[in-house]
file work.cif (mmCIF, C-alpha atoms)
data_coords
#
loop_
_atom_site.group_PDB
_atom_site.id
_atom_site.type_symbol
_atom_site.label_atom_id
_atom_site.label_comp_id
_atom_site.auth_asym_id
_atom_site.auth_seq_id
_atom_site.Cartn_x
_atom_site.Cartn_y
_atom_site.Cartn_z
ATOM 1 C CA MET A 553 -20.643 -17.792 -19.494
ATOM 2 C CA LEU A 554 -19.837 -15.730 -16.403
ATOM 3 C CA ASP A 555 -21.690 -12.793 -17.968
ATOM 4 C CA GLU A 556 -24.833 -14.889 -18.278
ATOM 5 C CA LYS A 557 -24.449 -16.150 -14.731
ATOM 6 C CA LEU A 558 -24.212 -12.565 -13.454
ATOM 7 C CA ASP A 559 -27.314 -11.531 -15.395
ATOM 8 C CA TRP A 560 -29.194 -14.528 -14.043
ATOM 9 C CA LEU A 561 -28.089 -13.727 -10.493
ATOM 10 C CA PHE A 562 -29.261 -10.116 -10.737
ATOM 11 C CA LYS A 563 -32.618 -11.204 -12.127
ATOM 12 C CA ALA A 564 -33.046 -13.859 -9.452
ATOM 13 C CA TYR A 565 -31.990 -11.382 -6.771
ATOM 14 C CA ARG A 566 -34.804 -9.025 -7.709
ATOM 15 C CA ALA A 567 -37.279 -11.887 -7.396
ATOM 16 C CA ALA A 568 -35.708 -12.939 -4.086
ATOM 17 C CA CYS A 569 -35.985 -9.417 -2.639
ATOM 18 C CA PRO A 570 -39.559 -8.215 -3.027
ATOM 19 C CA ALA A 571 -40.500 -4.900 -1.419
ATOM 20 C CA PRO A 572 -41.259 -5.581 2.238
ATOM 21 C CA GLU A 573 -44.568 -4.397 3.651
ATOM 22 C CA PRO A 574 -44.188 -1.251 5.763
ATOM 23 C CA SER A 575 -44.929 -1.832 9.416
ATOM 24 C CA ALA A 576 -47.771 -0.057 11.202
ATOM 25 C CA ASN A 577 -45.140 2.079 12.898
ATOM 26 C CA PHE A 578 -43.678 3.392 9.635
ATOM 27 C CA MET A 579 -45.499 6.747 9.471
ATOM 28 C CA PRO A 580 -45.417 7.521 13.233
ATOM 29 C CA GLY A 581 -41.721 6.574 13.293
ATOM 30 C CA LEU A 582 -41.029 8.820 10.314
ATOM 31 C CA TRP A 583 -42.688 11.800 11.988
ATOM 32 C CA VAL A 584 -40.765 11.172 15.207
ATOM 33 C CA LYS A 585 -37.542 11.364 13.170
ATOM 34 C CA ILE A 586 -38.673 14.511 11.349
ATOM 35 C CA ASP A 587 -39.651 16.203 14.627
ATOM 36 C CA SER A 588 -36.456 15.201 16.420
ATOM 37 C CA GLN A 589 -34.394 16.614 13.557
ATOM 38 C CA ARG A 590 -36.418 19.816 13.700
ATOM 39 C CA SER A 591 -35.790 20.174 17.451
ATOM 40 C CA GLN A 592 -32.088 19.636 16.853
ATOM 41 C CA SER A 593 -31.982 22.206 14.070
ATOM 42 C CA TRP A 594 -31.311 25.102 16.520
ATOM 43 C CA ILE A 595 -28.298 23.219 17.888
ATOM 44 C CA ALA A 596 -26.553 23.163 14.495
ATOM 45 C CA PRO A 597 -25.858 26.949 14.262
ATOM 46 C CA LEU A 598 -24.787 26.875 17.920
ATOM 47 C CA ARG A 599 -22.346 24.064 17.132
ATOM 48 C CA ILE A 600 -20.933 26.012 14.168
ATOM 49 C CA TRP A 601 -20.571 29.099 16.354
ATOM 50 C CA ALA A 602 -18.821 27.077 19.098
ATOM 51 C CA THR A 603 -16.435 25.565 16.550
ATOM 52 C CA ARG A 604 -15.540 29.010 15.230
ATOM 53 C CA VAL A 605 -14.981 30.415 18.716
ATOM 54 C CA THR A 606 -12.719 27.448 19.542
ATOM 55 C CA ALA A 607 -10.748 27.983 16.333
ATOM 56 C CA VAL A 608 -10.313 31.707 16.993
ATOM 57 C CA ALA A 609 -9.300 31.033 20.619
ATOM 58 C CA GLY A 610 -6.768 28.449 19.473
ATOM 59 C CA LEU A 611 -5.322 30.844 16.932
ATOM 60 C CA ALA A 612 -5.137 33.637 19.511
ATOM 61 C CA ALA A 613 -3.409 31.317 21.991
ATOM 62 C CA ALA A 614 -0.894 30.273 19.325
ATOM 63 C CA LEU A 615 -0.188 33.917 18.407
ATOM 64 C CA LEU A 616 0.161 34.889 22.055
ATOM 65 C CA ALA A 617 2.523 31.994 22.703
ATOM 66 C CA GLY A 618 4.575 33.030 19.682
ATOM 67 C CA ALA A 619 4.693 36.666 20.798
ATOM 68 C CA VAL A 620 5.741 35.731 24.343
ATOM 69 C CA GLY A 621 8.397 33.433 22.946
ATOM 70 C CA ILE A 622 9.868 36.204 20.788
ATOM 71 C CA TRP A 623 9.755 38.735 23.639
ATOM 72 C CA ARG A 624 11.431 36.376 26.120
ATOM 73 C CA GLN A 625 14.107 35.105 23.789
ATOM 74 C CA PRO A 626 16.813 37.877 24.313
ATOM 75 C CA TYR A 627 16.343 37.720 28.086
ATOM 76 C CA SER A 628 16.694 33.995 28.186
ATOM 77 C CA THR A 629 19.877 34.225 26.076
ATOM 78 C CA GLN A 630 21.336 36.673 28.535
ATOM 79 C CA VAL A 631 20.558 34.366 31.390
ATOM 80 C CA LEU A 632 22.316 31.593 29.570
ATOM 81 C CA GLU A 633 25.309 33.761 28.837
ATOM 82 C CA VAL A 634 25.893 34.815 32.464
ATOM 83 C CA ARG A 635 26.644 31.548 34.184
ATOM 84 C CA TYR A 636 27.711 30.856 37.747
ATOM 85 C CA VAL A 637 31.135 29.728 36.530
ATOM 86 C CA ASP A 638 31.626 33.096 34.846
ATOM 87 C CA VAL A 639 30.744 34.953 38.045
ATOM 88 C CA LEU A 640 33.231 32.813 39.996
ATOM 89 C CA ALA A 641 35.879 33.468 37.360
ATOM 90 C CA ASP A 642 35.281 37.206 37.605
ATOM 91 C CA ASP A 643 35.646 37.075 41.397
ATOM 92 C CA ALA A 644 38.814 35.017 41.062
ATOM 93 C CA ALA A 645 40.202 37.531 38.596
ATOM 94 C CA ASP A 646 39.638 40.372 41.105
ATOM 95 C CA GLU A 647 41.477 38.427 43.775
ATOM 96 C CA PHE A 648 44.316 37.693 41.373
ATOM 97 C CA ASP A 649 44.632 41.354 40.482
ATOM 98 C CA GLY A 650 45.089 42.151 44.194
ATOM 99 C CA ASP A 651 47.786 39.537 44.593
ATOM 100 C CA LEU A 652 49.516 40.809 41.529
ATOM 101 C CA TRP A 653 49.549 44.315 42.983
ATOM 102 C CA LEU A 654 51.112 42.925 46.176
ATOM 103 C CA LEU A 655 53.708 41.073 44.178
ATOM 104 C CA VAL A 656 54.505 44.203 42.216
ATOM 105 C CA GLY A 657 54.694 46.230 45.431
ATOM 106 C CA ASN A 658 57.140 43.730 47.015
ATOM 107 C CA SER A 659 59.447 43.770 44.065
ATOM 108 C CA GLN A 660 59.742 47.512 44.280
ATOM 109 C CA MET B 1140 -45.466 9.564 -11.461
ATOM 110 C CA LEU B 1141 -47.331 7.966 -8.595
ATOM 111 C CA VAL B 1142 -48.749 11.316 -7.402
ATOM 112 C CA GLU B 1143 -49.999 14.406 -9.170
ATOM 113 C CA PRO B 1144 -47.466 17.244 -9.568
ATOM 114 C CA GLU B 1145 -49.866 19.459 -7.604
ATOM 115 C CA THR B 1146 -49.519 17.174 -4.584
ATOM 116 C CA ILE B 1147 -45.752 17.670 -4.677
ATOM 117 C CA VAL B 1148 -46.195 21.428 -4.968
ATOM 118 C CA ARG B 1149 -48.519 21.382 -1.952
ATOM 119 C CA ALA B 1150 -46.005 19.260 -0.009
ATOM 120 C CA GLN B 1151 -43.314 21.786 -0.918
ATOM 121 C CA ALA B 1152 -45.517 24.523 0.509
ATOM 122 C CA GLY B 1153 -45.623 22.680 3.836
ATOM 123 C CA ASP B 1154 -48.916 20.795 3.488
ATOM 124 C CA VAL B 1155 -48.486 17.823 5.858
ATOM 125 C CA SER B 1156 -51.284 15.746 4.344
ATOM 126 C CA ALA B 1157 -49.783 16.211 0.859
ATOM 127 C CA PHE B 1158 -46.397 15.080 2.184
ATOM 128 C CA ASN B 1159 -48.029 12.028 3.777
ATOM 129 C CA GLN B 1160 -49.664 11.277 0.423
ATOM 130 C CA VAL B 1161 -46.274 11.394 -1.305
ATOM 131 C CA VAL B 1162 -44.731 9.089 1.309
ATOM 132 C CA THR B 1163 -47.619 6.631 1.104
ATOM 133 C CA ALA B 1164 -47.387 6.543 -2.689
ATOM 134 C CA TYR B 1165 -43.634 5.970 -2.849
ATOM 135 C CA ARG B 1166 -42.751 4.079 0.319
ATOM 136 C CA SER B 1167 -43.271 0.568 -1.138
ATOM 137 C CA ARG B 1168 -41.049 1.378 -4.103
ATOM 138 C CA ILE B 1169 -38.364 2.893 -1.896
ATOM 139 C CA LEU B 1170 -38.601 0.029 0.624
ATOM 140 C CA GLY B 1171 -37.958 -2.403 -2.246
ATOM 141 C CA THR B 1172 -35.066 -0.413 -3.679
ATOM 142 C CA VAL B 1173 -33.470 0.024 -0.246
ATOM 143 C CA PHE B 1174 -33.904 -3.682 0.509
ATOM 144 C CA ARG B 1175 -32.136 -4.661 -2.719
ATOM 145 C CA LEU B 1176 -29.446 -2.044 -2.165
ATOM 146 C CA ILE B 1177 -28.556 -2.929 1.421
ATOM 147 C CA GLY B 1178 -29.674 -6.562 1.565
ATOM 148 C CA ARG B 1179 -30.444 -6.448 5.267
ATOM 149 C CA PRO B 1180 -34.167 -6.698 6.096
ATOM 150 C CA ALA B 1181 -33.726 -5.498 9.682
ATOM 151 C CA ASP B 1182 -32.531 -2.052 8.573
ATOM 152 C CA VAL B 1183 -34.732 -1.512 5.508
ATOM 153 C CA GLU B 1184 -37.505 0.428 7.230
ATOM 154 C CA ASP B 1185 -35.077 2.595 9.177
ATOM 155 C CA VAL B 1186 -33.083 3.556 6.066
ATOM 156 C CA THR B 1187 -36.301 4.178 4.102
ATOM 157 C CA GLN B 1188 -37.528 6.506 6.847
ATOM 158 C CA ASP B 1189 -34.198 8.360 6.596
ATOM 159 C CA VAL B 1190 -34.794 8.821 2.857
ATOM 160 C CA PHE B 1191 -38.152 10.465 3.581
ATOM 161 C CA VAL B 1192 -36.685 12.611 6.372
ATOM 162 C CA ARG B 1193 -34.181 13.934 3.814
ATOM 163 C CA LEU B 1194 -37.049 14.413 1.401
ATOM 164 C CA TYR B 1195 -38.983 16.446 3.966
ATOM 165 C CA TYR B 1196 -36.080 18.777 4.679
ATOM 166 C CA SER B 1197 -34.958 19.241 1.089
ATOM 167 C CA LEU B 1198 -38.275 19.362 -0.732
ATOM 168 C CA ASP B 1199 -38.021 23.137 -1.066
ATOM 169 C CA GLN B 1200 -34.862 22.673 -3.181
ATOM 170 C CA LEU B 1201 -36.780 20.775 -5.876
ATOM 171 C CA ARG B 1202 -37.213 23.118 -8.835
ATOM 172 C CA THR B 1203 -39.980 21.348 -10.731
ATOM 173 C CA PRO B 1204 -42.235 18.458 -9.694
ATOM 174 C CA GLU B 1205 -41.503 16.762 -13.032
ATOM 175 C CA VAL B 1206 -38.029 15.747 -11.893
ATOM 176 C CA PHE B 1207 -39.302 14.449 -8.557
ATOM 177 C CA GLU B 1208 -38.710 10.734 -9.211
ATOM 178 C CA PRO B 1209 -35.039 10.884 -10.271
ATOM 179 C CA TRP B 1210 -34.528 13.296 -7.424
ATOM 180 C CA LEU B 1211 -36.069 10.837 -4.944
ATOM 181 C CA HIS B 1212 -33.820 8.144 -6.406
ATOM 182 C CA ARG B 1213 -30.870 10.412 -5.820
ATOM 183 C CA LEU B 1214 -31.879 10.884 -2.181
ATOM 184 C CA THR B 1215 -32.256 7.103 -1.865
ATOM 185 C CA VAL B 1216 -28.799 6.542 -3.343
ATOM 186 C CA ASN B 1217 -27.197 9.109 -1.026
ATOM 187 C CA THR B 1218 -28.930 7.774 2.091
ATOM 188 C CA THR B 1219 -28.075 4.175 1.220
ATOM 189 C CA TYR B 1220 -24.497 5.109 0.441
ATOM 190 C CA ASP B 1221 -24.144 6.769 3.860
ATOM 191 C CA TYR B 1222 -25.660 3.710 5.533
ATOM 192 C CA LEU B 1223 -23.362 1.258 3.680
ATOM 193 C CA ARG B 1224 -20.291 3.342 4.460
ATOM 194 C CA LYS B 1225 -21.215 3.501 8.137
ATOM 195 C CA ARG B 1226 -21.892 -0.233 8.225
ATOM 196 C CA ARG B 1227 -18.628 -1.062 6.484
ATOM 197 C CA ARG B 1228 -16.719 1.190 8.891
ATOM 198 C CA SER B 1229 -18.328 -0.276 12.013
ATOM 199 C CA ALA B 1230 -18.055 -3.878 10.847
ATOM 200 C CA GLY B 1231 -14.556 -3.734 9.383
ATOM 201 C CA VAL B 1232 -15.202 -7.097 7.776
ATOM 202 C CA PRO B 1233 -17.035 -8.176 4.626
ATOM 203 C CA MET B 1234 -20.774 -7.777 5.049
ATOM 204 C CA ALA B 1235 -21.757 -11.284 4.091
ATOM 205 C CA ASP B 1236 -19.995 -14.355 5.276
ATOM 206 C CA LEU B 1237 -21.181 -16.720 2.634
ATOM 207 C CA SER B 1238 -20.002 -19.969 4.149
ATOM 208 C CA GLU B 1239 -21.679 -19.226 7.472
ATOM 209 C CA GLU B 1240 -24.932 -18.223 5.834
ATOM 210 C CA GLN B 1241 -24.810 -21.249 3.573
ATOM 211 C CA VAL B 1242 -24.641 -23.419 6.643
ATOM 212 C CA VAL B 1243 -27.700 -21.661 8.057
ATOM 213 C CA ALA B 1244 -29.553 -22.159 4.768
ATOM 214 C CA ALA B 1245 -28.537 -25.797 4.616
ATOM 215 C CA ASP B 1246 -29.724 -26.344 8.180
ATOM 216 C CA ALA B 1247 -33.050 -24.757 7.360
ATOM 217 C CA ALA B 1248 -33.399 -26.965 4.303
ATOM 218 C CA GLU B 1249 -32.614 -30.062 6.301
ATOM 219 C CA SER B 1250 -35.078 -29.302 9.017
ATOM 220 C CA GLY B 1251 -37.747 -28.980 6.364
ATOM 221 C CA LYS B 1252 -39.014 -25.679 7.742
ATOM 222 C CA ARG B 1253 -38.811 -23.922 4.409
ATOM 223 C CA HIS B 1254 -39.863 -24.697 0.907
ATOM 224 C CA ALA B 1255 -37.301 -25.396 -1.799
ATOM 225 C CA ASP B 1256 -38.017 -22.013 -3.430
ATOM 226 C CA ASP B 1257 -37.287 -20.174 -0.210
ATOM 227 C CA VAL B 1258 -33.981 -21.979 0.129
ATOM 228 C CA GLN B 1259 -33.023 -21.098 -3.445
ATOM 229 C CA GLN B 1260 -33.961 -17.458 -2.852
ATOM 230 C CA ASP B 1261 -31.864 -17.477 0.310
ATOM 231 C CA GLN B 1262 -28.922 -18.816 -1.643
ATOM 232 C CA VAL B 1263 -29.332 -16.153 -4.331
ATOM 233 C CA ARG B 1264 -29.416 -13.437 -1.664
ATOM 234 C CA GLN B 1265 -26.294 -14.886 -0.054
ATOM 235 C CA VAL B 1266 -24.359 -15.123 -3.309
ATOM 236 C CA VAL B 1267 -25.312 -11.590 -4.385
ATOM 237 C CA GLY B 1268 -24.586 -10.389 -0.831
ATOM 238 C CA ALA B 1269 -21.110 -11.922 -1.005
ATOM 239 C CA LEU B 1270 -20.613 -10.465 -4.465
ATOM 240 C CA PHE B 1271 -21.641 -6.989 -3.322
ATOM 241 C CA ALA B 1272 -19.393 -7.282 -0.271
ATOM 242 C CA SER B 1273 -16.454 -7.833 -2.634
ATOM 243 C CA ILE B 1274 -16.998 -4.669 -4.684
ATOM 244 C CA SER B 1275 -17.169 -1.000 -3.735
ATOM 245 C CA ASP B 1276 -20.357 0.627 -2.465
ATOM 246 C CA GLU B 1277 -20.380 2.866 -5.547
ATOM 247 C CA ASP B 1278 -20.328 -0.144 -7.897
ATOM 248 C CA ARG B 1279 -22.892 -1.947 -5.788
ATOM 249 C CA ILE B 1280 -25.361 0.947 -5.949
ATOM 250 C CA LEU B 1281 -24.829 1.613 -9.651
ATOM 251 C CA LEU B 1282 -25.244 -2.042 -10.614
ATOM 252 C CA THR B 1283 -28.307 -2.440 -8.401
ATOM 253 C CA LEU B 1284 -30.007 0.554 -9.973
ATOM 254 C CA LYS B 1285 -29.182 -0.553 -13.516
ATOM 255 C CA GLU B 1286 -29.308 -4.337 -13.428
ATOM 256 C CA ILE B 1287 -31.756 -5.031 -10.612
ATOM 257 C CA GLU B 1288 -33.992 -1.974 -10.395
ATOM 258 C CA GLY B 1289 -33.986 -1.731 -14.173
ATOM 259 C CA LEU B 1290 -33.401 2.014 -14.472
ATOM 260 C CA SER B 1291 -32.676 3.184 -17.997
ATOM 261 C CA LEU B 1292 -29.529 5.063 -18.951
ATOM 262 C CA LYS B 1293 -31.556 8.264 -19.227
ATOM 263 C CA GLU B 1294 -32.969 7.812 -15.726
ATOM 264 C CA LEU B 1295 -29.517 7.046 -14.359
ATOM 265 C CA GLN B 1296 -28.164 10.158 -16.034
ATOM 266 C CA LYS B 1297 -30.686 12.225 -14.087
ATOM 267 C CA VAL B 1298 -29.843 10.456 -10.829
ATOM 268 C CA TYR B 1299 -26.076 10.772 -11.205
ATOM 269 C CA LYS B 1300 -26.088 14.046 -13.163
ATOM 270 C CA VAL B 1301 -23.418 12.821 -15.578
ATOM 271 C CA LYS B 1302 -23.213 12.503 -19.342
ATOM 272 C CA GLU B 1303 -24.223 9.281 -21.072
ATOM 273 C CA ASN B 1304 -20.691 8.333 -22.125
ATOM 274 C CA ALA B 1305 -19.289 8.798 -18.633
ATOM 275 C CA LEU B 1306 -22.112 6.693 -17.247
ATOM 276 C CA LYS B 1307 -21.484 3.930 -19.781
ATOM 277 C CA VAL B 1308 -17.825 3.830 -18.829
ATOM 278 C CA ARG B 1309 -18.711 3.642 -15.124
ATOM 279 C CA LEU B 1310 -21.204 0.851 -15.781
ATOM 280 C CA PHE B 1311 -18.734 -1.086 -17.915
ATOM 281 C CA ARG B 1312 -16.041 -0.867 -15.233
ATOM 282 C CA ALA B 1313 -18.458 -1.738 -12.412
ATOM 283 C CA ARG B 1314 -19.669 -4.795 -14.291
ATOM 284 C CA LYS B 1315 -16.120 -5.848 -15.043
ATOM 285 C CA ARG B 1316 -15.240 -5.673 -11.348
ATOM 286 C CA ALA B 1317 -18.403 -7.598 -10.455
ATOM 287 C CA LEU B 1318 -17.455 -10.319 -12.957
ATOM 288 C CA LYS B 1319 -13.988 -10.503 -11.430
ATOM 289 C CA ALA B 1320 -15.507 -10.806 -7.941
ATOM 290 C CA LEU B 1321 -17.872 -13.515 -9.162
ATOM 291 C CA ASP B 1322 -14.945 -15.395 -10.680
ATOM 292 C CA ASP B 1323 -13.060 -15.143 -7.378
ATOM 293 C CA LEU B 1324 -16.057 -16.475 -5.464
ATOM 294 C CA LYS B 1325 -16.228 -19.352 -7.927
ATOM 295 C CA ASP B 1326 -12.537 -20.102 -7.424
ATOM 296 C CA GLN B 1327 -13.057 -20.135 -3.659
ATOM 297 C CA GLY B 1328 -15.847 -22.662 -4.154
ATOM 298 C CA LYS B 1329 -18.463 -20.335 -2.693
ATOM 299 C CA ILE B 1330 -20.804 -20.593 -5.678
#

call {"tool": "encode", "arguments": {"input": "work.cif", "output": "structure tokens"}}
result
Amino acid sequence: MLDEKLDWLFKAYRAACPAPEPSANFMPGLWVKIDSQRSQSWIAPLRIWATRVTAVAGLAAALLAGAVGIWRQPYSTQVLEVRYVDVLADDAADEFDGDLWLLVGNSQ
Amino acid sequence: MLVEPETIVRAQAGDVSAFNQVVTAYRSRILGTVFRLIGRPADVEDVTQDVFVRLYYSLDQLRTPEVFEPWLHRLTVNTTYDYLRKRRRSAGVPMADLSEEQVVAADAAESGKRHADDVQQDQVRQVVGALFASISDEDRILLTLKEIEGLSLKELQKVYKVKENALKVRLFRARKRALKALDDLKDQGKI
């Protein structure tokens, strides 16, 4: 039943959609499109070239960033290791050593 | 063939008048096919022109003029498919709102501006439009070529470049999905 209905619909649809008449502007419009595509055809290789250059530049930037990161890593660790608190502690230790010497000297 | 093979060969060689001859011979057929494939009169001429632009720029890839017609069908299918995909993406909603269009058709009938036949044809277009909006673009194109354009299995094989069995399976599945969509439309009271 539904099969027949579908067949009928398709048949009726063909009758309901006859080929429209082309307008007077069909051929001129077609040639405008062909010509505009032709004029754009030189842009396509340029666009491909620009895409490639961008990709290479991106890759180079990523590699450079990676290399700089690796090179800077030991230095940055050192900076982190030598903290202001440590420097203060070292100074305090020197002072303490002096006091200790005085104490030792007094006892003798 | 609507043109002599020599005309196609001349068009391939860059003869503008031969290309114009080919376009003039096939444009009515392609306009009709595109109209039935996309179902939107306003865009038919534009899409048909796009088919012939593709033809112009790919004519040199045609090996023999004998396979010109299935090849032109293939270009039509590809161009229409691109158009439908673009339209679906930009709309984001089903292409045919049946209830709204039914109202328009009913109004036209009431005002007596159209004949009864025109109204029935409108309704058929709306129902098939709603049906096509409910299935994939691939199914829509395949079913249109087979069931509406009347292409044979052999012709479809050349268009789709697949084996007969694979094509039969695709057709069977597409029809099954169309039947399901039709049943759904019936349940929703749209037909």

call {"tool": "closest_atom_pairs", "arguments": {"input": "work.cif", "of": "chain A", "to": "chain B", "cutoff": "8 Å", "atoms": "all atoms listed in the file", "output": "tab-separated table"}}
result
residue	atom	partner	partner_atom	distance
A:Leu554	CA	B:Leu1318	CA	6.8
A:Asp555	CA	B:Leu1318	CA	7.0
A:Leu558	CA	B:Leu1318	CA	7.1
A:Asp559	CA	B:Glu1286	CA	7.7
A:Leu561	CA	B:Val1263	CA	6.7
A:Phe562	CA	B:Ile1287	CA	5.7
A:Lys563	CA	B:Ile1287	CA	6.4
A:Ala564	CA	B:Val1263	CA	6.7
A:Tyr565	CA	B:Val1263	CA	6.0
A:Arg566	CA	B:Ile1287	CA	5.8
A:Ala567	CA	B:Gln1260	CA	7.9
A:Ala568	CA	B:Gln1260	CA	5.0
A:Cys569	CA	B:Arg1175	CA	6.1
A:Pro570	CA	B:Gly1171	CA	6.1
A:Ala571	CA	B:Gly1171	CA	3.7
A:Pro572	CA	B:Gly1171	CA	6.4
A:Glu573	CA	B:Ser1167	CA	7.0
A:Pro574	CA	B:Glu1184	CA	7.0
A:Phe578	CA	B:Glu1184	CA	7.3
A:Gly581	CA	B:Gln1188	CA	7.7
A:Leu582	CA	B:Gln1188	CA	5.4
A:Lys585	CA	B:Val1192	CA	7.0
A:Ile586	CA	B:Val1192	CA	5.7

call {"tool": "resolve_selection", "arguments": {"input": "work.cif", "expression": "the PyMOL selection byres ((chain B and resi 1219-1225) around 10)", "output": "list of chain:residue names"}}
result
B:Thr1172, B:Val1173, B:Phe1174, B:Leu1176, B:Ile1177, B:Asp1182, B:Val1183, B:Val1186, B:Thr1187, B:Asp1189, B:Val1190, B:Arg1213, B:Leu1214, B:Thr1215, B:Val1216, B:Asn1217, B:Thr1218, B:Arg1226, B:Arg1227, B:Arg1228, B:Ser1229, B:Ala1230, B:Gly1231, B:Met1234, B:Ser1275, B:Asp1276, B:Glu1277, B:Arg1279, B:Ile1280

call {"tool": "resolve_selection", "arguments": {"input": "work.cif", "expression": "the PyMOL selection byres ((chain B and resi 1300-1306) around 12)", "output": "ChimeraX atom specification"}}
result
/B:1209-1210,1212-1213,1278,1281-1282,1285,1291-1299,1307-1313

call {"tool": "atom_distance", "arguments": {"input": "work.cif", "atom1": "CA of Leu1198 in chain B", "atom2": "CA of Arg1149 in chain B"}}
result
10.5 Å

call {"tool": "atom_distance", "arguments": {"input": "work.cif", "atom1": "CA of Val1142 in chain B", "atom2": "CA of Val584 in chain A"}}
result
24.0 Å

call {"tool": "closest_residue", "arguments": {"input": "work.cif", "among": "B:Thr1146, B:Ser1273, B:Gln1327, B:Gln1160", "to": "Glu1205 in chain B", "atoms": "all atoms listed in the file"}}
result
B:Thr1146

call {"tool": "atom_distance", "arguments": {"input": "work.cif", "atom1": "CA of Arg624 in chain A", "atom2": "CA of Tyr636 in chain A"}}
result
20.8 Å

call {"tool": "build_atoms", "arguments": {"input": "work.cif", "residues": "range 1174-1190 of chain B", "atoms": "N, CA and C atoms", "output": "mmCIF file, in the frame of the given file"}}
result
data_model
loop_
_atom_site.group_PDB
_atom_site.id
_atom_site.type_symbol
_atom_site.label_atom_id
_atom_site.label_comp_id
_atom_site.auth_asym_id
_atom_site.auth_seq_id
_atom_site.Cartn_x
_atom_site.Cartn_y
_atom_site.Cartn_z
ATOM 1 N N PHE B 1174 -34.135 -2.276 0.166
ATOM 2 C CA PHE B 1174 -33.904 -3.682 0.509
ATOM 3 C C PHE B 1174 -32.879 -4.303 -0.439
ATOM 4 N N ARG B 1175 -33.050 -4.064 -1.734
ATOM 5 C CA ARG B 1175 -32.136 -4.661 -2.719
ATOM 6 C C ARG B 1175 -30.751 -3.980 -2.678
ATOM 7 N N LEU B 1176 -30.744 -2.738 -2.252
ATOM 8 C CA LEU B 1176 -29.446 -2.044 -2.165
ATOM 9 C C LEU B 1176 -28.643 -2.464 -0.938
ATOM 10 N N ILE B 1177 -29.317 -2.631 0.199
ATOM 11 C CA ILE B 1177 -28.556 -2.929 1.421
ATOM 12 C C ILE B 1177 -28.569 -4.409 1.788
ATOM 13 N N GLY B 1178 -29.599 -5.115 1.335
ATOM 14 C CA GLY B 1178 -29.674 -6.562 1.565
ATOM 15 C C GLY B 1178 -29.808 -6.976 3.018
ATOM 16 N N ARG B 1179 -30.271 -6.068 3.859
ATOM 17 C CA ARG B 1179 -30.444 -6.448 5.267
ATOM 18 C C ARG B 1179 -31.852 -6.040 5.721
ATOM 19 N N PRO B 1180 -32.762 -7.017 5.804
ATOM 20 C CA PRO B 1180 -34.167 -6.698 6.096
ATOM 21 C C PRO B 1180 -34.362 -5.890 7.373
ATOM 22 N N ALA B 1181 -33.529 -6.154 8.384
ATOM 23 C CA ALA B 1181 -33.726 -5.498 9.682
ATOM 24 C C ALA B 1181 -33.590 -3.974 9.602
ATOM 25 N N ASP B 1182 -32.800 -3.496 8.641
ATOM 26 C CA ASP B 1182 -32.531 -2.052 8.573
ATOM 27 C C ASP B 1182 -33.306 -1.330 7.471
ATOM 28 N N VAL B 1183 -34.072 -2.098 6.691
ATOM 29 C CA VAL B 1183 -34.732 -1.512 5.508
ATOM 30 C C VAL B 1183 -35.658 -0.359 5.884
ATOM 31 N N GLU B 1184 -36.514 -0.603 6.877
ATOM 32 C CA GLU B 1184 -37.505 0.428 7.230
ATOM 33 C C GLU B 1184 -36.818 1.688 7.782
ATOM 34 N N ASP B 1185 -35.807 1.477 8.579
ATOM 35 C CA ASP B 1185 -35.077 2.595 9.177
ATOM 36 C C ASP B 1185 -34.423 3.467 8.096
ATOM 37 N N VAL B 1186 -33.760 2.812 7.141
ATOM 38 C CA VAL B 1186 -33.083 3.556 6.066
ATOM 39 C C VAL B 1186 -34.121 4.254 5.182
ATOM 40 N N THR B 1187 -35.242 3.569 4.926
ATOM 41 C CA THR B 1187 -36.301 4.178 4.102
ATOM 42 C C THR B 1187 -36.866 5.416 4.796
ATOM 43 N N GLN B 1188 -37.051 5.328 6.105
ATOM 44 C CA GLN B 1188 -37.528 6.506 6.847
ATOM 45 C C GLN B 1188 -36.522 7.656 6.704
ATOM 46 N N ASP B 1189 -35.237 7.320 6.755
ATOM 47 C CA ASP B 1189 -34.198 8.360 6.596
ATOM 48 C C ASP B 1189 -34.283 9.037 5.229
ATOM 49 N N VAL B 1190 -34.626 8.246 4.206
ATOM 50 C CA VAL B 1190 -34.794 8.821 2.857
ATOM 51 C C VAL B 1190 -35.905 9.869 2.896
#
